[in-house]
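Next comes run_4.cif, with mmCIF, C-alpha atoms.
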```cif
data_work
loop_
_atom_site.group_PDB
_atom_site.id
_atom_site.type_symbol
_atom_site.label_atom_id
_atom_site.label_comp_id
_atom_site.auth_asym_id
_atom_site.auth_seq_id
_atom_site.Cartn_x
_atom_site.Cartn_y
_atom_site.Cartn_z
ATOM 1 C CA MET S 21 14.979 2.858 10.382
ATOM 2 C CA PHE S 22 11.758 1.073 11.411
ATOM 3 C CA SER S 23 9.082 2.229 13.810
ATOM 4 C CA GLY S 24 5.538 1.298 14.774
ATOM 5 C CA SER S 25 3.827 -1.841 13.475
ATOM 6 C CA MET S 26 5.645 -4.256 11.177
ATOM 7 C CA VAL S 27 3.331 -7.059 10.098
ATOM 8 C CA ALA S 28 4.836 -10.539 9.936
ATOM 9 C CA LEU S 29 2.824 -11.288 6.820
ATOM 10 C CA VAL S 30 1.213 -14.684 6.241
ATOM 11 C CA THR S 31 1.787 -16.341 2.878
ATOM 12 C CA PRO S 32 -1.680 -17.130 1.467
ATOM 13 C CA MET S 33 -1.972 -20.556 -0.124
ATOM 14 C CA CYS S 34 -4.511 -22.440 -2.201
ATOM 15 C CA ALA S 35 -5.949 -25.772 -1.052
ATOM 16 C CA ASP S 36 -3.094 -27.645 -2.769
ATOM 17 C CA GLY S 37 -0.482 -25.586 -0.889
ATOM 18 C CA SER S 38 0.567 -23.418 -3.831
ATOM 19 C CA VAL S 39 1.094 -19.714 -3.165
ATOM 20 C CA ASP S 40 -1.996 -17.627 -3.938
ATOM 21 C CA GLU S 41 -0.534 -14.537 -5.604
ATOM 22 C CA VAL S 42 -3.897 -12.789 -6.006
ATOM 23 C CA SER S 43 -4.589 -12.981 -2.272
ATOM 24 C CA LEU S 44 -1.010 -11.957 -1.513
ATOM 25 C CA GLU S 45 -1.434 -8.744 -3.465
ATOM 26 C CA ALA S 46 -4.792 -8.102 -1.773
ATOM 27 C CA LEU S 47 -3.191 -8.530 1.655
ATOM 28 C CA VAL S 48 -0.506 -5.993 0.791
ATOM 29 C CA GLU S 49 -3.196 -3.473 -0.155
ATOM 30 C CA PHE S 50 -5.134 -4.262 3.023
ATOM 31 C CA HIS S 51 -2.094 -3.403 5.119
ATOM 32 C CA ILE S 52 -1.217 -0.221 3.309
ATOM 33 C CA GLU S 53 -4.834 0.983 3.509
ATOM 34 C CA ASN S 54 -4.906 0.276 7.253
ATOM 35 C CA GLY S 55 -1.675 1.994 8.228
ATOM 36 C CA THR S 56 0.782 -0.873 8.665
ATOM 37 C CA ASP S 57 4.177 0.824 8.895
ATOM 38 C CA SER S 58 6.283 -1.887 7.251
ATOM 39 C CA ILE S 59 5.886 -5.426 5.926
ATOM 40 C CA LEU S 60 7.980 -8.481 6.726
ATOM 41 C CA ALA S 61 7.706 -11.054 3.945
ATOM 42 C CA VAL S 62 8.444 -14.755 4.534
ATOM 43 C CA GLY S 63 9.309 -14.742 8.174
ATOM 44 C CA THR S 64 8.149 -17.517 10.483
ATOM 45 C CA THR S 65 4.531 -16.397 10.036
ATOM 46 C CA GLY S 66 5.044 -16.537 6.269
ATOM 47 C CA GLU S 67 5.913 -20.256 6.529
ATOM 48 C CA SER S 68 9.550 -19.765 5.615
ATOM 49 C CA ALA S 69 10.338 -23.261 6.871
ATOM 50 C CA THR S 70 8.213 -24.961 4.195
ATOM 51 C CA LEU S 71 8.709 -22.695 1.176
ATOM 52 C CA ASP S 72 11.537 -23.923 -1.024
ATOM 53 C CA MET S 73 14.363 -21.534 -1.941
ATOM 54 C CA ASP S 74 12.800 -20.409 -5.219
ATOM 55 C CA GLU S 75 9.344 -19.885 -3.689
ATOM 56 C CA HIS S 76 10.863 -18.046 -0.743
ATOM 57 C CA SER S 77 12.669 -15.531 -2.947
ATOM 58 C CA ASP S 78 9.721 -15.243 -5.331
ATOM 59 C CA VAL S 79 7.248 -14.326 -2.571
ATOM 60 C CA ILE S 80 9.630 -11.658 -1.270
ATOM 61 C CA LYS S 81 10.028 -10.239 -4.803
ATOM 62 C CA LYS S 82 6.267 -10.159 -5.325
ATOM 63 C CA VAL S 83 5.674 -8.344 -2.037
ATOM 64 C CA VAL S 84 8.304 -5.754 -3.008
ATOM 65 C CA ASP S 85 6.622 -5.309 -6.382
ATOM 66 C CA TYR S 86 3.112 -5.047 -4.905
ATOM 67 C CA VAL S 87 4.213 -2.534 -2.268
ATOM 68 C CA ASP S 88 5.978 -0.435 -4.926
ATOM 69 C CA GLY S 89 7.852 1.721 -2.446
ATOM 70 C CA ARG S 90 4.865 2.801 -0.360
ATOM 71 C CA VAL S 91 6.172 1.256 2.883
ATOM 72 C CA PRO S 92 9.446 -0.492 3.737
ATOM 73 C CA VAL S 93 9.667 -4.222 2.948
ATOM 74 C CA ILE S 94 11.865 -6.549 4.975
ATOM 75 C CA GLY S 95 12.711 -9.971 3.596
ATOM 76 C CA GLY S 96 13.009 -12.899 5.966
ATOM 77 C CA THR S 97 16.269 -14.501 4.840
ATOM 78 C CA GLY S 98 17.540 -16.496 7.802
ATOM 79 C CA ALA S 99 18.431 -20.184 7.651
ATOM 80 C CA ASN S 100 20.317 -22.713 9.721
ATOM 81 C CA SER S 101 22.833 -23.029 6.883
ATOM 82 C CA THR S 102 25.002 -19.952 6.463
ATOM 83 C CA SER S 103 25.316 -20.572 2.729
ATOM 84 C CA GLU S 104 21.516 -20.701 2.331
ATOM 85 C CA ALA S 105 21.082 -17.537 4.365
ATOM 86 C CA LEU S 106 23.650 -15.843 2.155
ATOM 87 C CA GLU S 107 21.812 -16.855 -1.012
ATOM 88 C CA LEU S 108 18.425 -15.747 0.323
ATOM 89 C CA THR S 109 19.863 -12.419 1.480
ATOM 90 C CA LYS S 110 21.466 -11.794 -1.912
ATOM 91 C CA ASN S 111 18.149 -12.560 -3.598
ATOM 92 C CA ALA S 112 16.283 -10.200 -1.274
ATOM 93 C CA LYS S 113 18.705 -7.392 -2.064
ATOM 94 C CA GLU S 114 18.285 -7.987 -5.789
ATOM 95 C CA ALA S 115 14.488 -7.965 -5.300
ATOM 96 C CA GLY S 116 14.700 -4.461 -3.836
ATOM 97 C CA CYS S 117 14.072 -5.118 -0.127
ATOM 98 C CA ASP S 118 14.812 -2.302 2.270
ATOM 99 C CA ALA S 119 16.345 -4.717 4.791
ATOM 100 C CA CYS S 120 16.576 -8.382 5.704
ATOM 101 C CA LEU S 121 15.639 -10.231 8.898
ATOM 102 C CA LEU S 122 17.810 -13.220 9.769
ATOM 103 C CA VAL S 123 16.749 -15.689 12.423
ATOM 104 C CA THR S 124 19.423 -17.393 14.514
ATOM 105 C CA PRO S 125 20.395 -20.736 12.962
ATOM 106 C CA TYR S 126 17.933 -23.267 14.350
ATOM 107 C CA TYR S 127 18.567 -26.899 15.331
ATOM 108 C CA ASN S 128 22.369 -26.606 14.921
ATOM 109 C CA LYS S 129 22.696 -24.912 18.376
ATOM 110 C CA PRO S 130 25.752 -22.774 17.490
ATOM 111 C CA THR S 131 27.924 -21.164 20.135
ATOM 112 C CA GLN S 132 27.851 -17.404 20.672
ATOM 113 C CA GLU S 133 31.046 -17.170 18.608
ATOM 114 C CA GLY S 134 29.408 -19.211 15.869
ATOM 115 C CA LEU S 135 26.476 -16.788 15.843
ATOM 116 C CA TYR S 136 28.842 -13.835 15.623
ATOM 117 C CA GLN S 137 30.759 -15.314 12.702
ATOM 118 C CA HIS S 138 27.535 -16.338 10.892
ATOM 119 C CA TYR S 139 26.062 -12.838 10.993
ATOM 120 C CA LYS S 140 29.375 -11.087 10.405
ATOM 121 C CA LEU S 141 29.980 -13.053 7.200
ATOM 122 C CA ILE S 142 26.514 -12.361 5.775
ATOM 123 C CA ALA S 143 26.800 -8.665 6.604
ATOM 124 C CA GLN S 144 30.199 -8.450 4.938
ATOM 125 C CA VAL S 145 29.106 -10.246 1.774
ATOM 126 C CA VAL S 146 25.690 -8.617 1.229
ATOM 127 C CA ASP S 147 25.514 -4.836 1.494
ATOM 128 C CA ILE S 148 21.960 -4.390 2.742
ATOM 129 C CA PRO S 149 20.644 -3.366 6.192
ATOM 130 C CA GLN S 150 20.251 -6.492 8.297
ATOM 131 C CA VAL S 151 18.173 -7.174 11.399
ATOM 132 C CA LEU S 152 19.069 -9.999 13.763
ATOM 133 C CA TYR S 153 16.252 -12.230 15.024
ATOM 134 C CA ASN S 154 16.357 -14.027 18.352
ATOM 135 C CA VAL S 155 13.500 -16.442 19.082
ATOM 136 C CA PRO S 156 14.868 -19.133 21.414
ATOM 137 C CA GLY S 157 11.489 -20.803 21.879
ATOM 138 C CA ARG S 158 11.606 -21.931 18.240
ATOM 139 C CA THR S 159 15.307 -22.275 17.542
ATOM 140 C CA ALA S 160 16.854 -23.835 20.678
ATOM 141 C CA CYS S 161 19.407 -21.025 20.413
ATOM 142 C CA ASP S 162 19.497 -17.851 22.518
ATOM 143 C CA MET S 163 21.682 -15.031 21.230
ATOM 144 C CA GLN S 164 23.001 -13.205 24.267
ATOM 145 C CA PRO S 165 22.931 -9.403 24.570
ATOM 146 C CA GLU S 166 26.726 -9.249 24.611
ATOM 147 C CA THR S 167 26.836 -11.018 21.224
ATOM 148 C CA VAL S 168 24.265 -8.581 19.867
ATOM 149 C CA GLN S 169 26.395 -5.711 21.159
ATOM 150 C CA ARG S 170 29.399 -7.055 19.230
ATOM 151 C CA LEU S 171 27.334 -7.389 16.079
ATOM 152 C CA SER S 172 25.823 -3.916 16.470
ATOM 153 C CA LYS S 173 29.232 -2.457 15.696
ATOM 154 C CA ILE S 174 28.989 -3.786 12.109
ATOM 155 C CA ASP S 175 27.657 -0.933 10.002
ATOM 156 C CA ASN S 176 24.868 -2.723 8.129
ATOM 157 C CA ILE S 177 23.578 -4.712 11.118
ATOM 158 C CA VAL S 178 20.971 -2.178 12.173
ATOM 159 C CA GLY S 179 18.745 -3.878 14.728
ATOM 160 C CA ILE S 180 17.354 -6.978 16.381
ATOM 161 C CA LYS S 181 13.934 -8.553 16.625
ATOM 162 C CA GLU S 182 13.951 -9.890 20.169
ATOM 163 C CA ALA S 183 11.325 -12.559 20.798
ATOM 164 C CA SER S 184 12.419 -14.032 24.106
ATOM 165 C CA GLY S 185 9.360 -12.571 25.824
ATOM 166 C CA SER S 186 11.437 -10.557 28.262
ATOM 167 C CA ILE S 187 11.037 -6.832 28.862
ATOM 168 C CA GLU S 188 14.301 -6.898 30.807
ATOM 169 C CA ARG S 189 16.074 -8.291 27.734
ATOM 170 C CA ILE S 190 14.616 -5.468 25.613
ATOM 171 C CA LYS S 191 15.885 -2.886 28.121
ATOM 172 C CA LYS S 192 19.339 -4.461 28.274
ATOM 173 C CA LEU S 193 19.690 -4.563 24.491
ATOM 174 C CA ALA S 194 18.707 -0.909 24.215
ATOM 175 C CA GLU S 195 21.227 -0.007 26.913
ATOM 176 C CA LEU S 196 24.108 -2.019 25.440
ATOM 177 C CA CYS S 197 23.617 -1.188 21.768
ATOM 178 C CA GLY S 198 22.725 2.501 21.859
ATOM 179 C CA SER S 199 20.026 4.622 20.303
ATOM 180 C CA GLU S 200 21.188 4.134 16.698
ATOM 181 C CA PHE S 201 20.550 0.384 16.900
ATOM 182 C CA GLY S 202 16.924 -0.688 16.507
ATOM 183 C CA VAL S 203 15.398 -2.969 19.111
ATOM 184 C CA PHE S 204 12.135 -4.546 17.950
ATOM 185 C CA THR S 205 9.825 -6.753 19.965
ATOM 186 C CA GLY S 206 8.606 -9.984 18.409
ATOM 187 C CA ASP S 207 6.035 -10.749 21.107
ATOM 188 C CA ASP S 208 2.580 -9.233 20.613
ATOM 189 C CA ASP S 209 1.507 -9.834 24.198
ATOM 190 C CA ILE S 210 4.236 -7.527 25.542
ATOM 191 C CA ALA S 211 4.536 -5.215 22.525
ATOM 192 C CA CYS S 212 2.940 -2.212 24.209
ATOM 193 C CA ASP S 213 5.129 -2.518 27.313
ATOM 194 C CA ALA S 214 8.228 -3.251 25.226
ATOM 195 C CA ILE S 215 7.856 -0.108 23.117
ATOM 196 C CA LEU S 216 7.137 2.004 26.169
ATOM 197 C CA ALA S 217 10.325 0.514 27.650
ATOM 198 C CA GLY S 218 12.490 1.466 24.663
ATOM 199 C CA ALA S 219 11.746 -0.764 21.683
ATOM 200 C CA SER S 220 10.927 1.122 18.491
ATOM 201 C CA CYS S 221 8.866 -1.413 16.593
ATOM 202 C CA ALA S 222 6.592 -4.427 17.026
ATOM 203 C CA VAL S 223 7.007 -7.249 14.533
ATOM 204 C CA SER S 224 3.457 -8.480 14.811
ATOM 205 C CA VAL S 225 1.361 -11.538 14.077
ATOM 206 C CA THR S 226 -1.731 -9.775 15.446
ATOM 207 C CA ALA S 227 -1.292 -7.080 12.780
ATOM 208 C CA ASN S 228 -2.307 -9.614 10.135
ATOM 209 C CA VAL S 229 -5.851 -9.456 11.505
ATOM 210 C CA ALA S 230 -6.048 -5.997 13.126
ATOM 211 C CA PRO S 231 -3.554 -3.805 11.262
ATOM 212 C CA LYS S 232 -5.191 -0.452 11.958
ATOM 213 C CA LEU S 233 -5.405 -0.953 15.708
ATOM 214 C CA MET S 234 -1.851 -2.306 15.907
ATOM 215 C CA HIS S 235 -0.649 0.754 14.033
ATOM 216 C CA GLU S 236 -2.551 3.044 16.412
ATOM 217 C CA MET S 237 -1.261 1.244 19.504
ATOM 218 C CA THR S 238 2.383 1.153 18.433
ATOM 219 C CA THR S 239 2.363 4.739 17.168
ATOM 220 C CA ALA S 240 1.035 5.940 20.516
ATOM 221 C CA ALA S 241 3.582 3.816 22.412
ATOM 222 C CA VAL S 242 6.487 5.151 20.334
ATOM 223 C CA ALA S 243 5.263 8.679 21.131
ATOM 224 C CA LYS S 244 5.127 7.695 24.858
ATOM 225 C CA ASP S 245 1.392 8.366 24.911
ATOM 226 C CA GLU S 246 0.855 5.592 27.419
ATOM 227 C CA THR S 247 -2.862 6.197 27.969
ATOM 228 C CA THR S 248 -3.747 5.917 24.272
ATOM 229 C CA ALA S 249 -1.390 2.983 23.745
ATOM 230 C CA ARG S 250 -2.828 0.981 26.637
ATOM 231 C CA GLU S 251 -6.401 1.745 25.619
ATOM 232 C CA ALA S 252 -5.742 0.344 22.144
ATOM 233 C CA ASP S 253 -3.817 -2.618 23.538
ATOM 234 C CA SER S 254 -6.696 -3.497 25.872
ATOM 235 C CA LYS S 255 -8.821 -4.186 22.790
ATOM 236 C CA LEU S 256 -6.050 -6.329 21.327
ATOM 237 C CA ARG S 257 -5.330 -8.520 24.354
ATOM 238 C CA GLY S 258 -7.697 -11.288 23.341
ATOM 239 C CA LEU S 259 -6.352 -11.315 19.807
ATOM 240 C CA HIS S 260 -2.741 -11.476 21.011
ATOM 241 C CA ALA S 261 -3.672 -14.652 22.896
ATOM 242 C CA ALA S 262 -5.893 -16.097 20.160
ATOM 243 C CA MET S 263 -3.108 -15.877 17.562
ATOM 244 C CA PHE S 264 -1.182 -18.467 19.583
ATOM 245 C CA LEU S 265 -3.939 -20.927 20.509
ATOM 246 C CA GLU S 266 -2.100 -23.230 18.116
ATOM 247 C CA SER S 267 1.285 -22.824 16.484
ATOM 248 C CA ASN S 268 1.770 -19.606 14.526
ATOM 249 C CA PRO S 269 0.606 -19.018 11.765
ATOM 250 C CA ILE S 270 -2.290 -21.487 12.115
ATOM 251 C CA PRO S 271 -4.704 -19.128 13.932
ATOM 252 C CA ALA S 272 -3.751 -16.058 11.869
ATOM 253 C CA LYS S 273 -4.319 -17.879 8.584
ATOM 254 C CA TRP S 274 -7.642 -19.273 9.755
ATOM 255 C CA ALA S 275 -8.764 -15.827 10.956
ATOM 256 C CA LEU S 276 -7.995 -14.292 7.562
ATOM 257 C CA TYR S 277 -9.767 -17.190 5.875
ATOM 258 C CA ASP S 278 -12.806 -16.650 8.091
ATOM 259 C CA MET S 279 -12.695 -12.948 7.204
ATOM 260 C CA GLY S 280 -12.881 -13.913 3.517
ATOM 261 C CA MET S 281 -9.405 -12.614 2.683
ATOM 262 C CA ILE S 282 -7.425 -15.765 1.861
ATOM 263 C CA PRO S 283 -8.035 -19.447 1.087
ATOM 264 C CA GLU S 284 -7.661 -21.993 3.876
ATOM 265 C CA GLY S 285 -4.397 -23.435 2.532
ATOM 266 C CA ILE S 286 -1.488 -24.160 4.852
ATOM 267 C CA ARG S 287 1.432 -26.547 4.396
ATOM 268 C CA LEU S 288 2.138 -29.703 6.317
ATOM 269 C CA PRO S 289 3.295 -30.340 8.942
ATOM 270 C CA LEU S 290 1.009 -27.443 9.937
ATOM 271 C CA THR S 291 -2.726 -28.101 9.673
ATOM 272 C CA PRO S 292 -5.783 -25.788 9.712
ATOM 273 C CA LEU S 293 -7.021 -24.497 13.049
ATOM 274 C CA SER S 294 -8.959 -26.964 15.187
ATOM 275 C CA SER S 295 -12.687 -26.216 15.220
ATOM 276 C CA GLU S 296 -12.696 -25.983 19.034
ATOM 277 C CA HIS S 297 -10.874 -22.620 18.695
ATOM 278 C CA PHE S 298 -13.090 -21.018 16.041
ATOM 279 C CA GLU S 299 -15.332 -19.088 18.395
ATOM 280 C CA ALA S 300 -12.448 -17.868 20.554
ATOM 281 C CA VAL S 301 -10.719 -16.398 17.515
ATOM 282 C CA ARG S 302 -13.957 -14.825 16.267
ATOM 283 C CA ALA S 303 -14.627 -13.317 19.693
ATOM 284 C CA ALA S 304 -11.123 -11.853 19.824
ATOM 285 C CA ILE S 305 -11.564 -10.265 16.380
ATOM 286 C CA LYS S 306 -14.877 -8.799 17.480
ATOM 287 C CA GLN S 307 -13.299 -7.352 20.620
ATOM 288 C CA ALA S 308 -10.496 -5.747 18.567
ATOM 289 C CA ASN S 309 -13.078 -4.144 16.291
ATOM 290 C CA SER S 310 -15.303 -2.884 19.113
#
```
So that I can check it, write out the structure of this file as structure tokens.
Amino acid sequence: MFSGSMVALVTPMCADGSVDEVSLEALVEFHIENGTDSILAVGTTGESATLDMDEHSDVIKKVVDYVDGRVPVIGGTGANSTSEALELTKNAKEAGCDACLLVTPYYNKPTQEGLYQHYKLIAQVVDIPQVLYNVPGRTACDMQPETVQRLSKIDNIVGIKEASGSIERIKKLAELCGSEFGVFTGDDDIACDAILAGASCAVSVTANVAPKLMHEMTTAAVAKDETTAREADSKLRGLHAAMFLESNPIPAKWALYDMGMIPEGIRLPLTPLSSEHFEAVRAAIKQANS
């Protein structure tokens, strides 16, 4: 269903923390003009943790409206409360999303059976394609490949965003779940290798800043054109690292601010990028554009 570069879109905010709808629409156009293959609205990079329920659903709806069917839109609808995840997923379906991305419940530390029952219930209640999201570094919860395999047998669970940083995990998921189940990498630094190893899509923070080059790299990797993919990725290496000099999405939002595309707003407990990193981010952007 999804291939190439899926941007994990930032949510632009004014100085007071309110959502900047004008900049949000401009970002959508920026991505469509530069070849981004699909857009993820209100994932981790979109500050899902600090948008309230109404804001969360409203941003997803606005992205769907701005895109107007030109590329697929995926709504980030995960939560550590199953009832909240259900509500967000229902809202995303009503908004017209093509699919939803649901992070493993964070902080609660559910068992593998708890994860299975959580996702199974949401899939049964809301008839929309759903993508699992495993990011143990943020959630203190690691969904095992065998649990993913069980969930892959549910018709509308169509893939997983795997952000454990392991190529071997990507390979195992592809082997266990079969070719009809999408395996997406959530780690920019290994995205090229992960797609060459069998992933079909990169859910990318880097794509916020360099959408055209991420599209070119991932498209080449999907086509198994390793030479072209690695040449593009070599220009992106510095940016992959720079986007995580501080917690995501701090560097990405500052980079877009410095590029004149969004205001500097970000919500506490996140704060704007420390000045000591400004030149490193600028240098990485320059390298990507060389």
Polymer residues at most 10 Å from S:Gly95, all atoms listed in the file, same-chain spacing of 3 or more positions, as a list of chain:residue names: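 Once the nearby chain positions are removed, what remains is S:Ile59, S:Leu60, S:Ala61, S:Val62, S:Gly63, S:His76, S:Ser77, S:Val79, S:Ile80, S:Lys81, S:Val83, S:Val84, S:Gly98, S:Leu108, S:Thr109, S:Asn111, S:Ala112, S:Lys113, S:Ala115, S:Gly116, S:Cys117, S:Asp118, S:Ala119, S:Cys120, S:Leu121, S:Leu122, S:Gln150, S:Val151.
Each of S:Asp245, S:Glu67, S:Glu45, S:Glu104 was checked against S:Leu290 using all atoms listed in the file; the smallest atom-to-atom distance is that of S:Glu67.
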Kindly resolve the PyMOL selection byres ((chain S and resi 193) around 9) on the present coordinates and return the residues as a PyMOL selection string. chain S and resi 165-166+168-169+180+182+188-192+194-198+203
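You can rank S:Phe264, S:Phe204, S:Phe298, S:Tyr127 by their closest distance to S:Ser23 using all atoms listed in the file, and at the top of that list sits S:Phe204.
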For S:Asn128, work out the shell of residues within 9 Å, counting only C-alpha atoms and skipping chain neighbours fewer than 2 positions away, then give it as an NGL selection string. :S and (100-101 or 125-126 or 130 or 159-161)
Computed interatomic separation between atom CA of S:Leu47 and atom CA of S:Asp85 (Å): 13.1 Å
Can you work out the spacing between atom CA of S:Ile148 and atom CA of S:Phe22 in Å, to one decimal? 14.5 Å
Box along x, y and z, 4 Å on every side, all listed atoms of stretch 33-48 of chain S inside: centre and edge lengths in Å to one decimal, as lines of an AutoDock Vina configuration file.
```
center_x = -2.4
center_y = -16.8
center_z = -2.2
size_x = 15.0
size_y = 29.7
size_z = 15.7
```
Compile the contact shell of S:Ala252 as a PyMOL selection string: residues with an atom at most 10 Å away, counting only C-alpha atoms, same-chain residues fewer than 6 positions apart removed. chain S and resi 212+233-238+240-241+246+308
How far is it from atom CA of S:Glu284 to atom CA of S:Glu75, in Å with one decimal? 18.7 Å
Please, which residues are within 10 Å of (-0.5, -17.6, 3.5) by the file's coordinates, counting only C-alpha atoms, and could they come as a ChimeraX atom specification? /S:29-34,37-41,43-44,47,62,65-67,269-270,272-274,276-277,282-287
Would you save the residues of that selection, restricted to C-alpha atoms, as a PDB file, keeping the file's coordinate frame?
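Dumped everything to again.pdb:
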```pdb
ATOM      1  CA  LEU S  29       2.824 -11.288   6.820  1.00  0.00           C
ATOM      2  CA  VAL S  30       1.213 -14.684   6.241  1.00  0.00           C
ATOM      3  CA  THR S  31       1.787 -16.341   2.878  1.00  0.00           C
ATOM      4  CA  PRO S  32      -1.680 -17.130   1.467  1.00  0.00           C
ATOM      5  CA  MET S  33      -1.972 -20.556  -0.124  1.00  0.00           C
ATOM      6  CA  CYS S  34      -4.511 -22.440  -2.201  1.00  0.00           C
ATOM      7  CA  GLY S  37      -0.482 -25.586  -0.889  1.00  0.00           C
ATOM      8  CA  SER S  38       0.567 -23.418  -3.831  1.00  0.00           C
ATOM      9  CA  VAL S  39       1.094 -19.714  -3.165  1.00  0.00           C
ATOM     10  CA  ASP S  40      -1.996 -17.627  -3.938  1.00  0.00           C
ATOM     11  CA  GLU S  41      -0.534 -14.537  -5.604  1.00  0.00           C
ATOM     12  CA  SER S  43      -4.589 -12.981  -2.272  1.00  0.00           C
ATOM     13  CA  LEU S  44      -1.010 -11.957  -1.513  1.00  0.00           C
ATOM     14  CA  LEU S  47      -3.191  -8.530   1.655  1.00  0.00           C
ATOM     15  CA  VAL S  62       8.444 -14.755   4.534  1.00  0.00           C
ATOM     16  CA  THR S  65       4.531 -16.397  10.036  1.00  0.00           C
ATOM     17  CA  GLY S  66       5.044 -16.537   6.269  1.00  0.00           C
ATOM     18  CA  GLU S  67       5.913 -20.256   6.529  1.00  0.00           C
ATOM     19  CA  PRO S 269       0.606 -19.018  11.765  1.00  0.00           C
ATOM     20  CA  ILE S 270      -2.290 -21.487  12.115  1.00  0.00           C
ATOM     21  CA  ALA S 272      -3.751 -16.058  11.869  1.00  0.00           C
ATOM     22  CA  LYS S 273      -4.319 -17.879   8.584  1.00  0.00           C
ATOM     23  CA  TRP S 274      -7.642 -19.273   9.755  1.00  0.00           C
ATOM     24  CA  LEU S 276      -7.995 -14.292   7.562  1.00  0.00           C
ATOM     25  CA  TYR S 277      -9.767 -17.190   5.875  1.00  0.00           C
ATOM     26  CA  ILE S 282      -7.425 -15.765   1.861  1.00  0.00           C
ATOM     27  CA  PRO S 283      -8.035 -19.447   1.087  1.00  0.00           C
ATOM     28  CA  GLU S 284      -7.661 -21.993   3.876  1.00  0.00           C
ATOM     29  CA  GLY S 285      -4.397 -23.435   2.532  1.00  0.00           C
ATOM     30  CA  ILE S 286      -1.488 -24.160   4.852  1.00  0.00           C
ATOM     31  CA  ARG S 287       1.432 -26.547   4.396  1.00  0.00           C
TER      32      ARG S 287
END
```
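Distance annotation: of S:Val155, S:Ala230, S:Ala262, S:Leu71, the residue with the minimal separation from S:His51 is S:Ala230; atom set is only C-alpha atoms.
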Using all atoms listed in the file, determine which residues lie at most 7 Å from stretch 183-185 of chain S, disregarding the query and same-chain residues fewer than 2 positions distant; provide the list as a ChimeraX atom specification. /S:154-156,181,187,205-207
